[in-house]
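Visitor: So I've got this file, input30.pdb, and it contains PDB, C-alpha atoms:
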MODEL        1
ATOM      1  CA  MET J   8     -16.572 -15.382 -48.888
ATOM      2  CA  THR J   9     -19.255 -16.500 -51.332
ATOM      3  CA  ASN J  10     -20.816 -13.097 -51.756
ATOM      4  CA  SER J  11     -18.762 -10.362 -53.390
ATOM      5  CA  PHE J  12     -17.987  -7.011 -51.827
ATOM      6  CA  GLY J  13     -19.993  -5.573 -54.714
ATOM      7  CA  ALA J  14     -23.157  -7.341 -53.542
ATOM      8  CA  ARG J  15     -22.544  -6.159 -49.993
ATOM      9  CA  ARG J  16     -22.141  -2.609 -51.281
ATOM     10  CA  GLU J  17     -25.579  -2.870 -52.879
ATOM     11  CA  VAL J  18     -27.094  -4.044 -49.586
ATOM     12  CA  MET J  19     -25.425  -1.179 -47.701
ATOM     13  CA  GLN J  20     -26.837   1.286 -50.217
ATOM     14  CA  HIS J  21     -30.244  -0.371 -49.857
ATOM     15  CA  ILE J  22     -30.419   0.142 -46.078
ATOM     16  CA  GLU J  23     -28.740   3.571 -46.136
ATOM     17  CA  LYS J  24     -32.102   5.340 -46.471
ATOM     18  CA  TYR J  25     -33.413   3.425 -43.439
ATOM     19  CA  MET J  26     -30.352   4.445 -41.412
ATOM     20  CA  LEU J  27     -30.740   8.133 -42.299
ATOM     21  CA  GLU J  28     -34.417   8.060 -41.326
ATOM     22  CA  HIS J  29     -33.590   6.556 -37.914
ATOM     23  CA  MET J  30     -30.393   8.425 -36.997
ATOM     24  CA  ASP J  31     -32.225  10.701 -34.572
ATOM     25  CA  THR J  32     -33.379   7.622 -32.654
ATOM     26  CA  TYR J  33     -29.816   6.560 -31.890
ATOM     27  CA  LEU J  34     -27.863   9.828 -31.738
ATOM     28  CA  LYS J  35     -28.723  12.878 -29.620
ATOM     29  CA  PRO J  36     -28.767  16.555 -30.719
ATOM     30  CA  ILE J  37     -25.348  18.105 -30.097
ATOM     31  CA  ASP J  38     -26.596  21.354 -28.555
ATOM     32  CA  THR J  39     -28.550  19.558 -25.830
ATOM     33  CA  ASN J  40     -26.249  16.565 -25.310
ATOM     34  CA  TRP J  41     -24.086  16.239 -22.185
ATOM     35  CA  GLN J  42     -20.487  17.402 -22.368
ATOM     36  CA  PRO J  43     -17.465  16.545 -20.154
ATOM     37  CA  SER J  44     -17.485  20.004 -18.556
ATOM     38  CA  ASP J  45     -20.959  19.270 -17.133
ATOM     39  CA  PHE J  46     -19.353  16.850 -14.674
ATOM     40  CA  LEU J  47     -15.904  18.266 -13.925
ATOM     41  CA  PRO J  48     -14.619  21.154 -11.776
ATOM     42  CA  ASP J  49     -14.626  24.464 -13.651
ATOM     43  CA  ALA J  50     -11.179  26.111 -13.608
ATOM     44  CA  SER J  51     -12.745  29.537 -14.181
ATOM     45  CA  GLN J  52     -14.602  29.385 -10.864
ATOM     46  CA  ASP J  53     -13.313  30.351  -7.408
ATOM     47  CA  ASP J  54     -14.235  26.971  -5.940
ATOM     48  CA  PHE J  55     -12.209  25.007  -8.535
ATOM     49  CA  PHE J  56      -9.443  23.894  -6.165
ATOM     50  CA  GLN J  57     -11.954  22.935  -3.478
ATOM     51  CA  GLU J  58     -13.855  20.792  -6.006
ATOM     52  CA  VAL J  59     -10.627  19.151  -7.153
ATOM     53  CA  ARG J  60      -9.742  18.300  -3.545
ATOM     54  CA  GLU J  61     -13.184  16.757  -3.098
ATOM     55  CA  LEU J  62     -12.781  14.783  -6.330
ATOM     56  CA  GLN J  63      -9.400  13.488  -5.166
ATOM     57  CA  GLU J  64     -10.753  12.570  -1.754
ATOM     58  CA  SER J  65     -13.498  10.473  -3.351
ATOM     59  CA  ALA J  66     -11.022   8.854  -5.751
ATOM     60  CA  LYS J  67      -8.875   7.650  -2.851
ATOM     61  CA  GLY J  68     -11.470   5.008  -2.048
ATOM     62  CA  LEU J  69     -11.303   3.328  -5.459
ATOM     63  CA  SER J  70      -9.689  -0.116  -5.422
ATOM     64  CA  TYR J  71      -6.457  -0.835  -7.333
ATOM     65  CA  ASP J  72      -8.236  -3.117  -9.815
ATOM     66  CA  LEU J  73     -10.994  -0.577 -10.398
ATOM     67  CA  ILE J  74      -8.476   2.171 -11.198
ATOM     68  CA  ALA J  75      -6.680  -0.221 -13.567
ATOM     69  CA  VAL J  76      -9.898  -1.118 -15.360
ATOM     70  CA  LEU J  77     -10.946   2.529 -15.552
ATOM     71  CA  ILE J  78      -7.587   3.445 -17.106
ATOM     72  CA  GLY J  79      -7.851   0.591 -19.617
ATOM     73  CA  ASP J  80     -11.384   1.704 -20.513
ATOM     74  CA  THR J  81     -10.158   5.274 -20.931
ATOM     75  CA  ILE J  82      -7.295   4.283 -23.240
ATOM     76  CA  THR J  83      -9.742   2.182 -25.264
ATOM     77  CA  GLU J  84     -12.028   5.208 -25.663
ATOM     78  CA  GLU J  85      -9.063   7.459 -26.496
ATOM     79  CA  ALA J  86      -8.194   5.248 -29.484
ATOM     80  CA  LEU J  87     -11.284   6.618 -31.255
ATOM     81  CA  PRO J  88      -9.342   7.931 -34.305
ATOM     82  CA  THR J  89      -8.509   4.309 -35.143
ATOM     83  CA  TYR J  90     -12.134   3.218 -34.949
ATOM     84  CA  GLU J  91     -13.316   6.106 -37.104
ATOM     85  CA  SER J  92     -10.752   5.423 -39.835
ATOM     86  CA  TRP J  93     -11.623   1.711 -39.677
ATOM     87  CA  LEU J  94     -15.333   2.399 -40.274
ATOM     88  CA  THR J  95     -14.607   4.719 -43.193
ATOM     89  CA  MET J  96     -12.807   1.841 -44.943
ATOM     90  CA  VAL J  97     -15.782  -0.524 -44.699
ATOM     91  CA  GLU J  98     -17.096  -1.553 -48.125
ATOM     92  CA  GLY J  99     -20.320   0.279 -48.899
ATOM     93  CA  VAL J 100     -19.565   3.313 -46.701
ATOM     94  CA  SER J 101     -19.890   6.153 -49.190
ATOM     95  CA  LYS J 102     -17.272   8.887 -48.907
ATOM     96  CA  GLU J 103     -19.766  11.705 -49.490
ATOM     97  CA  GLU J 104     -19.620  13.993 -46.480
ATOM     98  CA  GLU J 105     -23.131  15.405 -46.790
ATOM     99  CA  GLY J 106     -25.110  12.228 -46.326
ATOM    100  CA  GLY J 107     -25.201   8.465 -46.259
ATOM    101  CA  TRP J 108     -23.025   6.237 -44.129
ATOM    102  CA  MET J 109     -20.295   8.848 -43.750
ATOM    103  CA  LYS J 110     -22.804  11.074 -41.974
ATOM    104  CA  TRP J 111     -23.440   8.241 -39.510
ATOM    105  CA  VAL J 112     -19.724   7.583 -38.963
ATOM    106  CA  ARG J 113     -19.010  11.264 -38.300
ATOM    107  CA  GLN J 114     -21.910  11.775 -35.905
ATOM    108  CA  TRP J 115     -21.286   8.489 -34.082
ATOM    109  CA  THR J 116     -17.634   9.498 -33.704
ATOM    110  CA  ALA J 117     -18.657  12.899 -32.347
ATOM    111  CA  GLU J 118     -20.725  11.271 -29.596
ATOM    112  CA  GLU J 119     -18.062   8.726 -28.752
ATOM    113  CA  ASN J 120     -15.343  11.389 -28.589
ATOM    114  CA  ARG J 121     -16.811  12.785 -25.353
ATOM    115  CA  HIS J 122     -16.152   9.528 -23.491
ATOM    116  CA  GLY J 123     -12.371   9.618 -23.655
ATOM    117  CA  ASP J 124     -12.326  13.363 -22.986
ATOM    118  CA  LEU J 125     -14.357  12.989 -19.805
ATOM    119  CA  LEU J 126     -12.525   9.977 -18.372
ATOM    120  CA  ASN J 127      -9.077  11.345 -19.229
ATOM    121  CA  LYS J 128      -9.752  14.635 -17.437
ATOM    122  CA  TYR J 129     -11.167  12.829 -14.427
ATOM    123  CA  LEU J 130      -8.081  10.612 -14.159
ATOM    124  CA  TYR J 131      -5.790  13.641 -14.549
ATOM    125  CA  LEU J 132      -7.548  15.436 -11.678
ATOM    126  CA  SER J 133      -7.822  12.338  -9.476
ATOM    127  CA  GLY J 134      -4.135  12.263  -8.530
ATOM    128  CA  ARG J 135      -4.199   8.467  -8.677
ATOM    129  CA  VAL J 136      -2.644   8.093 -12.118
ATOM    130  CA  ASN J 137       0.759   8.428 -13.771
ATOM    131  CA  MET J 138      -0.606  10.335 -16.746
ATOM    132  CA  ARG J 139       2.577  10.093 -18.794
ATOM    133  CA  GLN J 140       2.440   6.288 -18.693
ATOM    134  CA  LEU J 141      -1.248   6.363 -19.608
ATOM    135  CA  GLU J 142      -0.482   8.677 -22.523
ATOM    136  CA  ILE J 143       2.323   6.384 -23.707
ATOM    137  CA  SER J 144      -0.102   3.445 -23.738
ATOM    138  CA  THR J 145      -2.659   5.508 -25.655
ATOM    139  CA  GLN J 146      -0.099   6.473 -28.272
ATOM    140  CA  TYR J 147       1.021   2.859 -28.603
ATOM    141  CA  LEU J 148      -2.562   1.670 -29.071
ATOM    142  CA  LEU J 149      -3.087   4.199 -31.856
ATOM    143  CA  ALA J 150       0.298   3.484 -33.458
ATOM    144  CA  ASP J 151       0.216  -0.325 -33.262
ATOM    145  CA  GLY J 152      -2.797  -0.663 -35.521
ATOM    146  CA  PHE J 153      -6.126  -2.406 -35.241
ATOM    147  CA  ASP J 154      -6.649  -5.946 -36.504
ATOM    148  CA  ILE J 155     -10.016  -7.358 -35.433
ATOM    149  CA  GLY J 156     -10.474  -9.832 -38.280
ATOM    150  CA  THR J 157     -13.348  -8.042 -40.029
ATOM    151  CA  ASP J 158     -11.512  -6.843 -43.154
ATOM    152  CA  ARG J 159     -13.648  -4.330 -45.112
ATOM    153  CA  ASP J 160     -16.772  -6.493 -44.832
ATOM    154  CA  PRO J 161     -19.737  -4.391 -43.601
ATOM    155  CA  TYR J 162     -21.519  -7.461 -42.219
ATOM    156  CA  ARG J 163     -18.581  -8.505 -40.051
ATOM    157  CA  ASN J 164     -17.938  -4.913 -39.015
ATOM    158  CA  PHE J 165     -21.516  -4.244 -37.923
ATOM    159  CA  ILE J 166     -21.719  -7.586 -36.112
ATOM    160  CA  TYR J 167     -18.503  -6.579 -34.356
ATOM    161  CA  THR J 168     -19.765  -3.115 -33.390
ATOM    162  CA  SER J 169     -23.043  -4.620 -32.144
ATOM    163  CA  PHE J 170     -21.051  -6.943 -29.880
ATOM    164  CA  GLN J 171     -18.557  -4.321 -28.740
ATOM    165  CA  GLU J 172     -21.043  -1.574 -27.970
ATOM    166  CA  MET J 173     -22.897  -4.063 -25.766
ATOM    167  CA  ALA J 174     -19.618  -5.029 -24.073
ATOM    168  CA  THR J 175     -18.620  -1.419 -23.394
ATOM    169  CA  ASN J 176     -22.082  -0.714 -22.017
ATOM    170  CA  ILE J 177     -21.634  -3.571 -19.546
ATOM    171  CA  SER J 178     -18.115  -2.467 -18.591
ATOM    172  CA  HIS J 179     -18.979   1.196 -17.973
ATOM    173  CA  ARG J 180     -22.206   0.270 -16.158
ATOM    174  CA  ARG J 181     -20.359  -2.100 -13.810
ATOM    175  CA  VAL J 182     -17.582   0.447 -13.157
ATOM    176  CA  ALA J 183     -20.321   2.963 -12.299
ATOM    177  CA  SER J 184     -21.809   0.539  -9.783
ATOM    178  CA  LEU J 185     -18.435  -0.282  -8.179
ATOM    179  CA  ALA J 186     -17.437   3.402  -8.039
ATOM    180  CA  LYS J 187     -20.644   4.197  -6.186
ATOM    181  CA  LYS J 188     -19.942   1.344  -3.782
ATOM    182  CA  ASP J 189     -16.430   2.756  -3.187
ATOM    183  CA  GLY J 190     -17.907   6.191  -2.429
ATOM    184  CA  ASP J 191     -17.163   8.017  -5.697
ATOM    185  CA  THR J 192     -20.588   9.240  -6.796
ATOM    186  CA  LEU J 193     -19.144  11.603  -9.435
ATOM    187  CA  LEU J 194     -17.303   8.796 -11.246
ATOM    188  CA  SER J 195     -20.396   6.632 -10.932
ATOM    189  CA  LYS J 196     -22.517   9.294 -12.618
ATOM    190  CA  MET J 197     -19.939   9.808 -15.387
ATOM    191  CA  CYS J 198     -19.653   6.128 -16.230
ATOM    192  CA  GLY J 199     -23.449   5.871 -16.122
ATOM    193  CA  VAL J 200     -23.974   8.465 -18.857
ATOM    194  CA  ILE J 201     -21.237   6.879 -20.980
ATOM    195  CA  ALA J 202     -22.914   3.479 -20.575
ATOM    196  CA  SER J 203     -26.191   5.020 -21.730
ATOM    197  CA  ASP J 204     -24.524   6.255 -24.930
ATOM    198  CA  GLU J 205     -23.067   2.804 -25.581
ATOM    199  CA  ALA J 206     -26.484   1.192 -25.103
ATOM    200  CA  ARG J 207     -28.026   3.477 -27.753
ATOM    201  CA  HIS J 208     -25.167   2.810 -30.147
ATOM    202  CA  ALA J 209     -25.510  -0.947 -29.625
ATOM    203  CA  LYS J 210     -29.202  -0.728 -30.531
ATOM    204  CA  ALA J 211     -28.276   1.126 -33.712
ATOM    205  CA  TYR J 212     -25.759  -1.402 -34.983
ATOM    206  CA  LYS J 213     -28.028  -4.298 -34.014
ATOM    207  CA  ASP J 214     -30.822  -2.613 -35.956
ATOM    208  CA  PHE J 215     -28.590  -2.200 -39.018
ATOM    209  CA  ILE J 216     -27.782  -5.930 -38.970
ATOM    210  CA  ALA J 217     -31.479  -6.741 -38.499
ATOM    211  CA  GLN J 218     -32.244  -4.787 -41.679
ATOM    212  CA  ILE J 219     -29.449  -6.567 -43.566
ATOM    213  CA  ILE J 220     -30.764  -9.964 -42.431
ATOM    214  CA  LYS J 221     -34.081  -9.155 -44.153
ATOM    215  CA  VAL J 222     -32.368  -9.038 -47.555
ATOM    216  CA  ASP J 223     -29.248 -11.216 -47.156
ATOM    217  CA  PRO J 224     -29.680 -13.650 -44.229
ATOM    218  CA  ASN J 225     -27.364 -16.408 -45.470
ATOM    219  CA  GLU J 226     -24.368 -14.120 -45.826
ATOM    220  CA  VAL J 227     -24.964 -12.471 -42.446
ATOM    221  CA  LEU J 228     -25.114 -15.872 -40.741
ATOM    222  CA  THR J 229     -21.969 -17.202 -42.391
ATOM    223  CA  ALA J 230     -20.145 -13.988 -41.494
ATOM    224  CA  PHE J 231     -21.381 -14.263 -37.890
ATOM    225  CA  GLU J 232     -20.338 -17.918 -37.743
ATOM    226  CA  ASP J 233     -16.850 -17.118 -39.023
ATOM    227  CA  MET J 234     -16.385 -14.311 -36.507
ATOM    228  CA  MET J 235     -17.454 -16.447 -33.547
ATOM    229  CA  LYS J 236     -15.125 -19.261 -34.624
ATOM    230  CA  LYS J 237     -12.244 -16.789 -34.613
ATOM    231  CA  LYS J 238     -13.601 -15.149 -31.408
ATOM    232  CA  ILE J 239     -14.509 -11.509 -30.964
ATOM    233  CA  VAL J 240     -11.398  -9.631 -29.866
ATOM    234  CA  MET J 241     -11.603  -6.490 -27.763
ATOM    235  CA  PRO J 242     -10.728  -3.121 -29.382
ATOM    236  CA  ALA J 243      -7.761  -2.726 -27.009
ATOM    237  CA  HIS J 244      -6.376  -6.246 -27.425
ATOM    238  CA  LEU J 245      -3.031  -4.739 -28.517
ATOM    239  CA  LEU J 246      -2.822  -2.632 -25.332
ATOM    240  CA  ARG J 247       0.675  -2.279 -23.854
ATOM    241  CA  GLU J 248       2.754  -0.162 -21.507
ATOM    242  CA  ALA J 249       6.192   1.349 -22.068
ATOM    243  CA  GLY J 250       8.780  -1.410 -22.412
ATOM    244  CA  LYS J 251       6.155  -4.144 -22.862
ATOM    245  CA  LYS J 252       5.292  -6.315 -25.854
ATOM    246  CA  VAL J 253       2.218  -5.628 -27.974
ATOM    247  CA  GLY J 254      -0.856  -6.961 -26.186
ATOM    248  CA  GLU J 255       0.999  -7.875 -22.989
ATOM    249  CA  THR J 256      -0.771  -5.328 -20.795
ATOM    250  CA  PHE J 257      -4.201  -6.257 -22.155
ATOM    251  CA  THR J 258      -4.025  -9.668 -20.467
ATOM    252  CA  HIS J 259      -3.517  -8.038 -17.061
ATOM    253  CA  PHE J 260      -6.253  -5.470 -17.762
ATOM    254  CA  ALA J 261      -8.662  -8.288 -18.705
ATOM    255  CA  ASP J 262      -7.686 -10.185 -15.537
ATOM    256  CA  ALA J 263      -8.549  -7.153 -13.403
ATOM    257  CA  ALA J 264     -11.909  -6.818 -15.158
ATOM    258  CA  GLN J 265     -12.617 -10.522 -14.604
ATOM    259  CA  ARG J 266     -11.683 -10.327 -10.898
ATOM    260  CA  LEU J 267     -14.002  -7.359 -10.359
ATOM    261  CA  GLY J 268     -16.807  -8.831 -12.425
ATOM    262  CA  VAL J 269     -16.715  -5.756 -14.679
ATOM    263  CA  TYR J 270     -16.478  -7.867 -17.831
ATOM    264  CA  THR J 271     -16.232 -11.646 -17.673
ATOM    265  CA  ALA J 272     -16.240 -14.713 -19.882
ATOM    266  CA  VAL J 273     -19.893 -15.236 -18.907
ATOM    267  CA  ASP J 274     -20.703 -11.724 -20.142
ATOM    268  CA  TYR J 275     -19.207 -12.697 -23.519
ATOM    269  CA  VAL J 276     -21.650 -15.606 -23.699
ATOM    270  CA  ASP J 277     -24.586 -13.474 -22.532
ATOM    271  CA  ILE J 278     -23.920 -10.919 -25.280
ATOM    272  CA  LEU J 279     -23.870 -13.700 -27.884
ATOM    273  CA  LYS J 280     -27.183 -15.053 -26.548
ATOM    274  CA  GLN J 281     -28.720 -11.577 -26.679
ATOM    275  CA  LEU J 282     -27.627 -11.045 -30.276
ATOM    276  CA  LEU J 283     -29.026 -14.423 -31.300
ATOM    277  CA  ALA J 284     -32.340 -13.466 -29.688
ATOM    278  CA  ASP J 285     -32.442  -9.904 -31.053
ATOM    279  CA  TRP J 286     -31.784 -11.118 -34.597
ATOM    280  CA  ASP J 287     -34.069 -14.168 -34.155
ATOM    281  CA  VAL J 288     -31.310 -16.359 -35.559
ATOM    282  CA  GLY J 289     -33.012 -19.547 -34.390
ATOM    283  CA  GLY J 290     -36.204 -18.606 -36.215
ATOM    284  CA  LEU J 291     -34.692 -17.788 -39.599
ATOM    285  CA  LYS J 292     -36.174 -19.932 -42.386
ATOM    286  CA  SER J 293     -35.646 -20.541 -46.115
ATOM    287  CA  LEU J 294     -31.872 -20.556 -45.747
ATOM    288  CA  ASN J 295     -29.410 -22.263 -48.057
ATOM    289  CA  ASP J 296     -27.183 -25.086 -46.818
ATOM    290  CA  ALA J 297     -24.401 -22.742 -45.637
ATOM    291  CA  GLY J 298     -26.924 -20.522 -43.866
ATOM    292  CA  GLU J 299     -28.552 -23.457 -42.066
ATOM    293  CA  LYS J 300     -25.172 -24.821 -41.027
ATOM    294  CA  ALA J 301     -24.138 -21.411 -39.675
ATOM    295  CA  ARG J 302     -27.470 -20.951 -37.858
ATOM    296  CA  ASP J 303     -27.197 -24.354 -36.174
ATOM    297  CA  TYR J 304     -23.584 -23.718 -35.143
ATOM    298  CA  LEU J 305     -24.452 -20.345 -33.655
ATOM    299  CA  MET J 306     -27.451 -21.654 -31.720
ATOM    300  CA  ARG J 307     -25.351 -24.420 -30.121
ATOM    301  CA  LEU J 308     -22.415 -22.155 -29.327
ATOM    302  CA  PRO J 309     -23.610 -20.399 -26.128
ATOM    303  CA  ASP J 310     -23.955 -23.653 -24.174
ATOM    304  CA  ARG J 311     -20.483 -24.759 -25.277
ATOM    305  CA  LEU J 312     -18.911 -21.435 -24.334
ATOM    306  CA  LEU J 313     -20.750 -21.303 -21.016
ATOM    307  CA  ARG J 314     -19.349 -24.669 -19.967
ATOM    308  CA  VAL J 315     -15.853 -23.343 -20.651
ATOM    309  CA  ALA J 316     -16.529 -20.019 -18.886
ATOM    310  CA  GLU J 317     -17.859 -21.699 -15.770
ATOM    311  CA  ARG J 318     -14.668 -23.753 -15.433
ATOM    312  CA  MET J 319     -12.434 -20.680 -15.582
ATOM    313  CA  LYS J 320     -10.730 -19.707 -12.340
ATOM    314  CA  ASN J 321     -10.635 -16.116 -11.189
ATOM    315  CA  PRO J 322      -7.156 -14.733 -11.946
ATOM    316  CA  GLU J 323      -5.050 -13.736  -8.961
ATOM    317  CA  LEU J 324      -3.770 -10.210  -8.382
ATOM    318  CA  SER J 325      -0.079 -10.314  -9.232
ATOM    319  CA  TYR J 326       0.626  -7.387 -11.542
ATOM    320  CA  GLN J 327       1.605  -3.757 -10.934
ATOM    321  CA  PHE J 328       0.512  -1.335 -13.634
ATOM    322  CA  SER J 329       2.876   1.501 -14.513
ATOM    323  CA  TRP J 330      -0.212   3.680 -14.932
ATOM    324  CA  ILE J 331      -1.067   3.767 -11.226
ATOM    325  CA  GLN J 332       0.709   5.989  -8.716
ATOM    326  CA  GLY J 333       2.089   4.360  -5.564
ATOM    327  CA  MET J 334      -0.612   3.171  -3.202
TER     328      MET J 334
ENDMDL
END
Any chance you could put this one into structure tokens?
Guide:
Amino acid sequence: MTNSFGARREVMQHIEKYMLEHMDTYLKPIDTNWQPSDFLPDASQDDFFQEVRELQESAKGLSYDLIAVLIGDTITEEALPTYESWLTMVEGVSKEEEGGWMKWVRQWTAEENRHGDLLNKYLYLSGRVNMRQLEISTQYLLADGFDIGTDRDPYRNFIYTSFQEMATNISHRRVASLAKKDGDTLLSKMCGVIASDEARHAKAYKDFIAQIIKVDPNEVLTAFEDMMKKKIVMPAHLLREAGKKVGETFTHFADAAQRLGVYTAVDYVDILKQLLADWDVGGLKSLNDAGEKARDYLMRLPDRLLRVAERMKNPELSYQFSWIQGM
């Protein structure tokens, strides 16, 4: 890395004021924001058991792969403590609680926390899930750590969050569409509001990188190039079930998502193309040699990846998840 963490810290401090001025654009007021209880049966009401029966009846129509993907998405969201601690270790994230980047991390975490709460409660009520096995996988994912190849570099971390928030938006939006098709309008609505949150968060992190590019384009491009060469790994790439090796279950989860079209290799390429367009990578001028080399590599990459993605065969269904109750 040619630029020191110290220089990156200065850049993060430089754009901190911009972030604070625009926080309200990307995060909603807590008092008026949606909460999980807005969507779920209320145990204090007389019609609670009737609503649970209706929820379970709708959930019966969900396909095996869709339940598997929904569980994997839920476990990914439930690993939020890992993501929060990871962001607090990024170089340039001040540890002052009253303002600055820590204020963003806390408030972003607060919004994200609702996602796992909502999906977990839905799955518990659905009757389709072995909750103990799900909880074991969640504990493993938190305990096994989180290595996404970004180190403490704010550029790599914000490029990663830009990519991942876009990916989770796609995943939740597609699950919403498939749930509606399978007759579960409640799940469809829930995944829709989660997808909307992810879309706002993606815009925020993309905006932060756009501001960094204005003052340090060469270093952003070389960081982006390095990350794409290593490939962007999913937050739950270490996902496993009881008795399985680290990461073993993630492969089967990803296969289910690919089969359903919830998140595919083509989506990976489309996200890259969108980031290149949003950050106007192809139009960046006055770069040094490393910056130009990185820009040219990145602009050629989507076509290369698309050729590979289009040759990929759809994985066959051949795995039984311990998370899912007998069909």
Visitor: Would you mind telling me which residue in J:Gln332, J:Gln171, J:Gln52, J:Ser184 lies nearest to J:Met138 when using only C-alpha atoms?
Guide: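 Selected residue with least distance to J:Met138: J:Gln332.
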Visitor: Measure the distance from atom CA of J:Ala209 to atom CA of J:Ser293 in Å and round it to one decimal.
Guide: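 Result for atom CA of J:Ala209 versus atom CA of J:Ser293: 27.5 Å, one decimal.
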Visitor: With the PyMOL selection byres ((chain J and resi 114-116) around 8) as the selection, what would be picked from this file? Answer as a JSON list (two decimals) with C-alpha atoms, in the frame of the given file, please.
Guide:
[["chain", "number", "residue", "atom", "x", "y", "z"],
["J", 34, "LEU", "CA", -27.86, 9.83, -31.74],
["J", 87, "LEU", "CA", -11.28, 6.62, -31.26],
["J", 91, "GLU", "CA", -13.32, 6.11, -37.10],
["J", 110, "LYS", "CA", -22.80, 11.07, -41.97],
["J", 111, "TRP", "CA", -23.44, 8.24, -39.51],
["J", 112, "VAL", "CA", -19.72, 7.58, -38.96],
["J", 113, "ARG", "CA", -19.01, 11.26, -38.30],
["J", 117, "ALA", "CA", -18.66, 12.90, -32.35],
["J", 118, "GLU", "CA", -20.72, 11.27, -29.60],
["J", 119, "GLU", "CA", -18.06, 8.73, -28.75],
["J", 120, "ASN", "CA", -15.34, 11.39, -28.59],
["J", 208, "HIS", "CA", -25.17, 2.81, -30.15]]
Visitor: Any chance you could work out the residue set of the PyMOL selection byres ((chain J and resi 97) around 9) here, as JSON, numbers by chain?
Guide: {"J": [93, 94, 95, 96, 98, 99, 100, 158, 159, 160, 161, 164]}
Visitor: Any chance you could work out the residue set of the PyMOL selection byres ((chain J and resi 176) around 12) here, as number ranges by chain?
Guide: J: 80, 122, 168-175, 177-183, 198-210, 269-270, 274, 278
Visitor: Please report the interatomic distance between atom CA of J:Arg266 and atom CA of J:Tyr212 in Å with one decimal.
Guide: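 According to the coordinates, atom CA of J:Arg266 and atom CA of J:Tyr212 are separated by 29.3 Å.
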Visitor: Compare J:Tyr147, J:Leu185, J:Leu194, J:Arg163 by their minimum atom-to-atom distance to J:Ser133, counting all atoms listed in the file, and give me the closest one.
Guide: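 Between J:Tyr147, J:Leu185, J:Leu194, J:Arg163, the residue approaching J:Ser133 most closely is J:Leu194.
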Visitor: Nearest residue to J:Val222 out of J:Leu149, J:Leu294, J:Leu73, J:Gln42, using all atoms listed in the file?
Guide: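 Ranked by minimum distance to J:Val222, first place goes to J:Leu294.
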Visitor: Which value, in Å to one decimal, gives the distance between atom CA of J:Ile78 and atom CA of J:Ile143?
Guide: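 Between these atoms lies a distance of 12.3 Å.
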Visitor: Excluding J:Lys320 and any residue of its chain fewer than 6 positions from it, enumerate the residues within 12 Å of it, using all atoms listed in the file, and give them as a list of chain:residue names.
Guide: J:Asp262, J:Gln265, J:Arg266, J:Thr271, J:Ala272
Visitor: My list of candidates is J:Asn321, J:Asn40, J:Gln20, J:Thr258. Which is closest to J:Gly79 when distances are computed with all atoms listed in the file?
Guide: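 Distance minimum relative to J:Gly79 lands on J:Thr258.
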Visitor: Which of these, J:Asp310, J:Asp154, J:Asp287, J:Glu85, has the shortest distance to J:Ile216 once you count all atoms listed in the file?
Guide: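 Of J:Asp310, J:Asp154, J:Asp287, J:Glu85, the one nearest J:Ile216, counting all atoms listed in the file, is J:Asp287.
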Visitor: Just checking: using only C-alpha atoms, which residue out of J:Ile82, J:Leu27, J:Ala66, J:Ala297 ends up closest to J:Phe231?
Guide: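 The shortest atom-to-atom distance to J:Phe231 comes from J:Ala297.
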Visitor: With all atoms listed in the file counted, which protein, DNA or RNA residues have an atom no more than 12 Å from (0.7, -8.7, -11.0) in the file frame? Please answer as a PyMOL selection string.
Guide: chain J and resi 71-72+75+256+258-260+262-263+322-329
Visitor: Those same residues - C-alpha atoms - I'd like them written as an mmCIF file, in the coordinates of the input.
Guide:
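Written file, again_39.cif:
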data_model
loop_
_atom_site.group_PDB
_atom_site.id
_atom_site.type_symbol
_atom_site.label_atom_id
_atom_site.label_comp_id
_atom_site.auth_asym_id
_atom_site.auth_seq_id
_atom_site.Cartn_x
_atom_site.Cartn_y
_atom_site.Cartn_z
ATOM 1 C CA TYR J 71 -6.457 -0.835 -7.333
ATOM 2 C CA ASP J 72 -8.236 -3.117 -9.815
ATOM 3 C CA ALA J 75 -6.680 -0.221 -13.567
ATOM 4 C CA THR J 256 -0.771 -5.328 -20.795
ATOM 5 C CA THR J 258 -4.025 -9.668 -20.467
ATOM 6 C CA HIS J 259 -3.517 -8.038 -17.061
ATOM 7 C CA PHE J 260 -6.253 -5.470 -17.762
ATOM 8 C CA ASP J 262 -7.686 -10.185 -15.537
ATOM 9 C CA ALA J 263 -8.549 -7.153 -13.403
ATOM 10 C CA PRO J 322 -7.156 -14.733 -11.946
ATOM 11 C CA GLU J 323 -5.050 -13.736 -8.961
ATOM 12 C CA LEU J 324 -3.770 -10.210 -8.382
ATOM 13 C CA SER J 325 -0.079 -10.314 -9.232
ATOM 14 C CA TYR J 326 0.626 -7.387 -11.542
ATOM 15 C CA GLN J 327 1.605 -3.757 -10.934
ATOM 16 C CA PHE J 328 0.512 -1.335 -13.634
ATOM 17 C CA SER J 329 2.876 1.501 -14.513
#
Visitor: Hey, which bits of stretch 104-156 of chain J sit within 10 Å of stretch 55-61 of chain J, and for each residue what's the closest pair of atoms and how far apart in Å (one decimal), counting only C-alpha atoms, rows by chain and increasing number, as a Markdown table?
Guide:
| residue | atom | partner | partner_atom | distance |
| --- | --- | --- | --- | --- |
| J:Tyr129 | CA | J:Val59 | CA | 9.7 |
| J:Leu132 | CA | J:Val59 | CA | 6.6 |
| J:Ser133 | CA | J:Val59 | CA | 7.7 |
| J:Gly134 | CA | J:Val59 | CA | 9.6 |
Visitor: Around the point (-25.3, -15.4, -30.3) in the file's coordinates, collect all residues with an atom within 8 Å, using all atoms listed in the file, and return them as a short mmCIF file (atom, residue, chain, number, x, y, z; two decimals) with C-alpha atoms, in the frame of the given file.
Guide:
data_model
loop_
_atom_site.label_atom_id
_atom_site.label_comp_id
_atom_site.auth_asym_id
_atom_site.auth_seq_id
_atom_site.Cartn_x
_atom_site.Cartn_y
_atom_site.Cartn_z
CA VAL J 276 -21.65 -15.61 -23.70
CA ILE J 278 -23.92 -10.92 -25.28
CA LEU J 279 -23.87 -13.70 -27.88
CA LYS J 280 -27.18 -15.05 -26.55
CA GLN J 281 -28.72 -11.58 -26.68
CA LEU J 282 -27.63 -11.04 -30.28
CA LEU J 283 -29.03 -14.42 -31.30
CA ALA J 284 -32.34 -13.47 -29.69
CA LEU J 305 -24.45 -20.34 -33.66
CA MET J 306 -27.45 -21.65 -31.72
CA LEU J 308 -22.42 -22.16 -29.33
CA PRO J 309 -23.61 -20.40 -26.13
#
